[in-house]
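*Asks:* Below you will find the structure I want to go over with you.
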Amino acid sequence: MERTKTGIPGLDELIGGGIPKGSNVLVAGGAGTGKTILTTQYLYNGATQFGEAGLFVTLEGNVRDIAWNMESFQWDIKSLQDNNMMTIYRLNLVNLNDRTKAEEKIEEQLAEIEREVKEINAKRLVVDSTTVFGAYLDPSVLRTTLFKFSDKLKDIGCTTLLTSETQPTKNVFSAYGVEEFVADGIIAMYLTPPNRSMFVRKMRGTTHDKDPHPLDIGPGGITINPRDKIIWEAIK
Ligand SMILES: Nc1ncnc2c1ncn2[C@@H]1O[C@H](COP(=O)(O)OP(=O)(O)OP(=O)(O)O)[C@@H](O)[C@H]1O
Ligand SMILES: [Mg+2]
């Protein structure tokens, strides 16, 4: 099986060498657990270590904030953008709450994502975060739209990380209870002050480690310690 290495220290070995190529993986966690950092690091590593271009689709903040976040780790994304190894795209969901237009708008944005992917021949895709859909969509259309969105992303041919902001409850992996079922994998991230941790909740198509491990955010970004285990009861 072909795998997409994240290059995030400690992570690939927990999932048998990398994410099965073409998967949609949910990166789930509460506020400030490191979801945006992990996903940008995935794209940065893809470009700098594996020669794979990446598209970062943001639904929150603005494009400058993302660039700023990456620069705080001395990840020089400007040159990656200049060399067509990375694109940051701000998804436009305005007027989505009009039920008749929601479907059309999603189709339109998916087509735009596809166009951006093709433009740089991206192999890696990030959507940060799916939770923001809830701010635009009526609950009655939210589930079907999210389902459709994830499903369509699979056709684009990238290995995709989708983030989902959860309440700080350790057994909940998405805001709407849909994302975790459509995703092929789930990487759960926790912050139990002062400790950060993560575990692989599922990864279709591969065996994977099932223990929670310590996670650190340092000057070089995220590192995971696969040797040390954290007992589940210690996570809140
Ligand atoms: N340069 C840095 N060095 C160490 N830690 C940092 C650095 N930059 C940010 N952090 C830590 O990472 C956290 C933010 O991580 P990130 O933005 O990835 O979280 P998130 O899960 O995406 O949060 P949100 O739910 O708000 O989107 C900060 O709250 C801070 O604790
Ligand atoms: Mg974030």
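Order determines the names: the first chain of the structure tokens is A, the second B, and so forth; residues in each chain are numbered 1 upward, and ligands are numbered 1 upward as they are shown.
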Enumerate as a ChimeraX atom specification all residues of region 58-102 of chain A assigned to strand (DSSP E or B) by DSSP on the backbone, naming them with the chain letters and numbers the document uses.
*Replies:* /A:58,86-90
*Asks:* Mind dumping the selected residues with C-alpha atoms as a PDB file, in the first residue's frame?
*Replies:*
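Everything below was put into again_10.pdb:
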ATOM      1  CA  THR A  58      -9.073  27.616   5.509  1.00  0.00           C
ATOM      2  CA  MET A  86       1.796  25.452  -1.516  1.00  0.00           C
ATOM      3  CA  THR A  87      -1.422  27.407  -1.906  1.00  0.00           C
ATOM      4  CA  ILE A  88      -3.585  28.816   0.836  1.00  0.00           C
ATOM      5  CA  TYR A  89      -7.204  29.158  -0.182  1.00  0.00           C
ATOM      6  CA  ARG A  90      -9.921  30.881   1.829  1.00  0.00           C
TER       7      ARG A  90
END
*Asks:* Give me, as a list in words, all polymer residues having an atom no more than 8 Å from region 179-185 of chain A, counting only C-alpha atoms and skipping those fewer than 6 positions away in the same chain.
*Replies:* Ser23, Asn24, Val25, Leu26, Leu146, Phe147, Ser150, Asp151, Ser164, Phe173, Val200, Arg201, Lys202, Met203 and Arg204 of chain A
*Asks:* Let me see the file: selected residues, N, CA and C atoms, as a PDB file, in the first residue's frame.
*Replies:*
ATOM      1  N   SER A  23      -6.531   8.803   1.680  1.00  0.00           N
ATOM      2  CA  SER A  23      -7.491   8.841   2.801  1.00  0.00           C
ATOM      3  C   SER A  23      -7.911  10.265   3.141  1.00  0.00           C
ATOM      4  N   ASN A  24      -9.055  10.343   3.804  1.00  0.00           N
ATOM      5  CA  ASN A  24      -9.500  11.579   4.476  1.00  0.00           C
ATOM      6  C   ASN A  24      -9.323  11.337   5.966  1.00  0.00           C
ATOM      7  N   VAL A  25      -8.469  12.091   6.614  1.00  0.00           N
ATOM      8  CA  VAL A  25      -8.236  11.873   8.040  1.00  0.00           C
ATOM      9  C   VAL A  25      -8.681  13.094   8.839  1.00  0.00           C
ATOM     10  N   LEU A  26      -9.461  12.821   9.874  1.00  0.00           N
ATOM     11  CA  LEU A  26      -9.948  13.888  10.734  1.00  0.00           C
ATOM     12  C   LEU A  26      -8.950  14.139  11.864  1.00  0.00           C
ATOM     13  N   LEU A 146     -22.112  18.091   4.863  1.00  0.00           N
ATOM     14  CA  LEU A 146     -20.783  17.656   5.302  1.00  0.00           C
ATOM     15  C   LEU A 146     -20.434  16.301   4.706  1.00  0.00           C
ATOM     16  N   PHE A 147     -21.422  15.430   4.676  1.00  0.00           N
ATOM     17  CA  PHE A 147     -21.219  14.095   4.121  1.00  0.00           C
ATOM     18  C   PHE A 147     -20.806  14.195   2.658  1.00  0.00           C
ATOM     19  N   SER A 150     -17.201  15.751   2.234  1.00  0.00           N
ATOM     20  CA  SER A 150     -16.112  14.797   2.482  1.00  0.00           C
ATOM     21  C   SER A 150     -16.031  13.771   1.377  1.00  0.00           C
ATOM     22  N   ASP A 151     -17.199  13.346   0.935  1.00  0.00           N
ATOM     23  CA  ASP A 151     -17.263  12.327  -0.103  1.00  0.00           C
ATOM     24  C   ASP A 151     -16.627  12.830  -1.405  1.00  0.00           C
ATOM     25  N   SER A 164     -11.445  19.250  13.045  1.00  0.00           N
ATOM     26  CA  SER A 164     -12.751  19.353  13.668  1.00  0.00           C
ATOM     27  C   SER A 164     -12.563  19.802  15.103  1.00  0.00           C
ATOM     28  N   PHE A 173     -15.431  13.284  18.754  1.00  0.00           N
ATOM     29  CA  PHE A 173     -14.428  13.594  17.737  1.00  0.00           C
ATOM     30  C   PHE A 173     -14.890  14.587  16.681  1.00  0.00           C
ATOM     31  N   VAL A 200      -4.316   7.767  18.058  1.00  0.00           N
ATOM     32  CA  VAL A 200      -4.926   7.443  16.774  1.00  0.00           C
ATOM     33  C   VAL A 200      -6.179   6.630  17.063  1.00  0.00           C
ATOM     34  N   ARG A 201      -7.333   7.234  16.842  1.00  0.00           N
ATOM     35  CA  ARG A 201      -8.602   6.582  17.163  1.00  0.00           C
ATOM     36  C   ARG A 201      -8.985   5.562  16.097  1.00  0.00           C
ATOM     37  N   LYS A 202      -8.698   5.888  14.840  1.00  0.00           N
ATOM     38  CA  LYS A 202      -8.895   4.886  13.785  1.00  0.00           C
ATOM     39  C   LYS A 202      -8.061   5.258  12.568  1.00  0.00           C
ATOM     40  N   MET A 203      -7.732   4.262  11.759  1.00  0.00           N
ATOM     41  CA  MET A 203      -7.030   4.502  10.507  1.00  0.00           C
ATOM     42  C   MET A 203      -7.359   3.310   9.613  1.00  0.00           C
ATOM     43  N   ARG A 204      -8.309   3.521   8.722  1.00  0.00           N
ATOM     44  CA  ARG A 204      -8.737   2.418   7.849  1.00  0.00           C
ATOM     45  C   ARG A 204      -7.593   1.943   6.968  1.00  0.00           C
TER      46      ARG A 204
END
*Asks:* Compare A:Met1, A:Met189, A:Ala135, A:Leu162 by their minimum atom-to-atom distance to ligand 1, counting only C-alpha atoms and all ligand atoms, and give me the closest one.
*Replies:*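 Closest residue, counting only C-alpha atoms and all ligand atoms: A:Met189.
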*Asks:* Tell me which of A:Ile113, A:Val27, A:Ile8, A:Ile187 sits closest to ligand 2, counting only C-alpha atoms and all ligand atoms.
*Replies:*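 Smallest distance to ligand 2 is found for A:Val27.
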*Asks:* Per residue of chain A within 10 Å of ligand 1, which atom pair is closest and at what distance in Å (one decimal), using only C-alpha atoms and all ligand atoms, listed by chain and increasing number, as a tab-separated table?
*Replies:*
residue	atom	partner	partner_atom_place_in_ligand_line	distance
A:Val27	CA	ligand 1	21 (O)	8.9
A:Ala28	CA	ligand 1	21 (O)	8.1
A:Gly29	CA	ligand 1	21 (O)	6.2
A:Gly30	CA	ligand 1	25 (O)	5.7
A:Ala31	CA	ligand 1	25 (O)	3.3
A:Gly32	CA	ligand 1	23 (O)	3.4
A:Thr33	CA	ligand 1	21 (O)	3.9
A:Gly34	CA	ligand 1	18 (O)	3.1
A:Lys35	CA	ligand 1	21 (O)	3.8
A:Thr36	CA	ligand 1	18 (O)	3.6
A:Ile37	CA	ligand 1	18 (O)	3.8
A:Leu38	CA	ligand 1	18 (O)	6.3
A:Thr39	CA	ligand 1	18 (O)	7.9
A:Thr40	CA	ligand 1	18 (O)	8.5
A:Gln41	CA	ligand 1	18 (O)	9.7
A:Glu60	CA	ligand 1	27 (O)	8.2
A:Gly61	CA	ligand 1	27 (O)	9.0
A:Ile66	CA	ligand 1	17 (O)	9.2
A:Trp68	CA	ligand 1	8 (N)	9.9
A:Asn69	CA	ligand 1	8 (N)	6.9
A:Met70	CA	ligand 1	1 (N)	8.6
A:Glu71	CA	ligand 1	1 (N)	8.6
A:Ser72	CA	ligand 1	1 (N)	5.1
A:Phe73	CA	ligand 1	1 (N)	5.5
A:Gln74	CA	ligand 1	1 (N)	8.8
A:Asp128	CA	ligand 1	27 (O)	8.0
A:Ser129	CA	ligand 1	27 (O)	7.6
A:Thr131	CA	ligand 1	25 (O)	9.6
A:Thr163	CA	ligand 1	22 (O)	8.0
A:Ser164	CA	ligand 1	25 (O)	8.1
A:Glu165	CA	ligand 1	25 (O)	5.6
A:Thr166	CA	ligand 1	25 (O)	8.2
A:Gln167	CA	ligand 1	25 (O)	9.8
A:Met189	CA	ligand 1	21 (O)	8.0
A:Tyr190	CA	ligand 1	21 (O)	9.0
A:Leu191	CA	ligand 1	31 (O)	9.3
A:Pro194	CA	ligand 1	31 (O)	9.9
A:Arg196	CA	ligand 1	31 (O)	9.6
A:Asp216	CA	ligand 1	5 (N)	8.1
A:Ile217	CA	ligand 1	4 (C)	4.8
A:Gly218	CA	ligand 1	4 (C)	4.6
A:Pro219	CA	ligand 1	3 (N)	5.2
A:Gly220	CA	ligand 1	3 (N)	7.8
A:Gly221	CA	ligand 1	3 (N)	6.8
A:Ile222	CA	ligand 1	4 (C)	8.5
*Asks:* Just want the 12 Å neighbourhood of Thr48 (chain A), counted on only C-alpha atoms, with same-chain residues fewer than 4 positions away dropped. Output as a list in words.
*Replies:* Thr6, Gly7, Gln41, Tyr42, Leu43, Tyr44, Glu52, Ala53, Gly54, Trp75, Asp76, Ile77, Ser79, Leu80, Gln81, Asn83, Met85 and Met86 of chain A
*Asks:* Write a file of the selected residues as a PDB file, in the first residue's frame, keeping C-alpha atoms.
*Replies:*
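Writing the result to part-v2.pdb gives the following:
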ATOM      1  CA  THR A   6       3.402  13.215   7.497  1.00  0.00           C
ATOM      2  CA  GLY A   7       7.034  13.750   8.463  1.00  0.00           C
ATOM      3  CA  GLN A  41       3.283  21.076   9.355  1.00  0.00           C
ATOM      4  CA  TYR A  42       1.944  18.183   7.267  1.00  0.00           C
ATOM      5  CA  LEU A  43       1.902  20.419   4.196  1.00  0.00           C
ATOM      6  CA  TYR A  44       5.217  22.055   4.977  1.00  0.00           C
ATOM      7  CA  GLU A  52       4.701  17.020  -2.743  1.00  0.00           C
ATOM      8  CA  ALA A  53       2.724  20.195  -3.213  1.00  0.00           C
ATOM      9  CA  GLY A  54      -0.132  20.997  -0.840  1.00  0.00           C
ATOM     10  CA  TRP A  75       8.536  27.591   8.074  1.00  0.00           C
ATOM     11  CA  ASP A  76       9.240  29.689   5.054  1.00  0.00           C
ATOM     12  CA  ILE A  77       6.003  29.299   3.193  1.00  0.00           C
ATOM     13  CA  SER A  79       9.108  30.597  -1.060  1.00  0.00           C
ATOM     14  CA  LEU A  80       6.918  27.477  -1.161  1.00  0.00           C
ATOM     15  CA  GLN A  81       4.066  29.596  -2.501  1.00  0.00           C
ATOM     16  CA  ASN A  83       7.502  27.838  -6.213  1.00  0.00           C
ATOM     17  CA  MET A  85       4.504  23.987  -3.715  1.00  0.00           C
ATOM     18  CA  MET A  86       1.796  25.452  -1.516  1.00  0.00           C
TER      19      MET A  86
END
*Asks:* Set the distance at 9 Å and use only C-alpha atoms: which residues neighbour Leu110 (chain A) once local chain neighbours fewer than 6 positions away are removed? I'd like the list as a PyMOL selection string.
*Replies:* chain A and resi 149+152-153
*Asks:* Could you save the residues just selected, with C-alpha atoms, as a PDB file, in the first residue's frame?
*Replies:*
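That gives us part38.pdb:
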ATOM      1  CA  PHE A 149     -18.361  17.521   0.985  1.00  0.00           C
ATOM      2  CA  LYS A 152     -16.417  14.640  -2.983  1.00  0.00           C
ATOM      3  CA  LEU A 153     -13.027  15.436  -1.479  1.00  0.00           C
TER       4      LEU A 153
END
*Asks:* So, with only C-alpha atoms as the atoms that count, which of A:Val178, A:Val57, A:Val94, A:Ile186 lies closest to Thr144 (chain A)?
*Replies:*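 Of A:Val178, A:Val57, A:Val94, A:Ile186, the one nearest Thr144 (chain A), counting only C-alpha atoms, is A:Val178.
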*Asks:* Name the closest residue to Glu2 (chain A) among the candidates A:Asn84, A:Leu215, A:Lys105, A:Pro20; distances are taken between atoms, counting only C-alpha atoms.
*Replies:* A:Pro20
*Asks:* Can you pull out every residue from region 81-115 of chain A that DSSP, working from the backbone, puts in helix (DSSP H, G or I), and format the result as a ChimeraX atom specification?
*Replies:* /A:81-82,99-115
*Asks:* Would you list the contacts of region 233-236 of chain A as a list in words, taking every protein, DNA or RNA residue within 9 Å and counting only C-alpha atoms, but skipping same-chain residues closer than 5 positions in sequence?
*Replies:*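 Final neighbour list, sorted by chain and number: Pro168, Thr169, Lys170, Tyr190, Leu191, Thr192, Asn195, Ser197 and Pro212 of chain A.
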*Asks:* Residues of the last selection are to be written out with N, CA and C atoms, as a CSV table (one decimal), in the first residue's frame.
*Replies:*
chain,number,residue,atom,x,y,z
A,168,PRO,N,-14.1,19.9,24.9
A,168,PRO,CA,-13.1,19.1,25.6
A,168,PRO,C,-13.6,17.9,26.3
A,169,THR,N,-14.1,17.0,25.5
A,169,THR,CA,-14.6,15.7,26.0
A,169,THR,C,-13.9,14.6,25.2
A,170,LYS,N,-13.3,13.7,25.9
A,170,LYS,CA,-12.3,12.9,25.2
A,170,LYS,C,-12.9,11.9,24.3
A,190,TYR,N,-5.4,16.3,22.5
A,190,TYR,CA,-5.9,16.7,23.8
A,190,TYR,C,-4.9,17.7,24.5
A,191,LEU,N,-5.5,18.6,25.3
A,191,LEU,CA,-4.8,19.4,26.1
A,191,LEU,C,-5.4,19.3,27.5
A,192,THR,N,-4.6,18.6,28.4
A,192,THR,CA,-5.0,18.5,29.8
A,192,THR,C,-4.0,19.3,30.6
A,195,ASN,N,-0.4,19.3,30.1
A,195,ASN,CA,0.1,18.3,29.2
A,195,ASN,C,-0.7,18.2,27.9
A,197,SER,N,-1.5,15.7,24.6
A,197,SER,CA,-1.3,14.3,24.1
A,197,SER,C,-2.2,14.1,22.9
A,212,PRO,N,-2.6,6.5,23.9
A,212,PRO,CA,-2.3,8.0,23.9
A,212,PRO,C,-0.8,8.2,24.2
*Asks:* Do you know which residues are at most 8 Å from Arg3 (chain A) counting only C-alpha atoms, after dropping those on the same chain fewer than 2 positions away, and could you put them as a list in words?
*Replies:*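 So, after excluding close chain neighbours, the residues are Met1, Lys5, Gly17, Gly18, Ile19, Pro20 and Lys21 of chain A.
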*Asks:* Go ahead and write the residues just picked, C-alpha atoms, as a compact mmCIF listing (two decimals), in the first residue's frame.
*Replies:*
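In the end it all went to out25.txt:
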# COMPACT_ATOMS: atom_id res chain seq x y z
CA MET A 1 0.00 0.00 0.00
CA LYS A 5 4.29 10.30 5.28
CA GLY A 17 4.68 4.29 8.23
CA GLY A 18 2.23 6.92 7.02
CA ILE A 19 -1.36 7.70 6.13
CA PRO A 20 -2.78 5.27 3.53
CA LYS A 21 -2.65 7.32 0.36
*Asks:* Give me the residues within 10 Å of Ile106 (chain A) as a short mmCIF file (atom, residue, chain, number, x, y, z; two decimals) with C-alpha atoms, in the first residue's frame, counting only C-alpha atoms and dropping any in the same chain fewer than 6 places off.
*Replies:*
data_model
loop_
_atom_site.label_atom_id
_atom_site.label_comp_id
_atom_site.auth_asym_id
_atom_site.auth_seq_id
_atom_site.Cartn_x
_atom_site.Cartn_y
_atom_site.Cartn_z
CA LEU A 91 -13.15 28.99 1.29
CA ASN A 92 -16.05 31.28 0.59
CA LEU A 93 -19.29 30.14 2.21
CA LEU A 96 -24.75 29.29 2.44
CA GLU A 112 -12.61 25.68 -6.93
CA THR A 145 -23.74 18.75 3.19
CA LEU A 146 -20.78 17.66 5.30
CA LYS A 148 -21.28 15.18 0.54
CA PHE A 149 -18.36 17.52 0.98
#
*Asks:* Find the distance between CA of Phe50 (chain A) and CA of Gly22 (chain A) and write it in Å to one decimal.
*Replies:*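 Atom-to-atom, CA of Phe50 (chain A) to CA of Gly22 (chain A), that is 15.8 Å.
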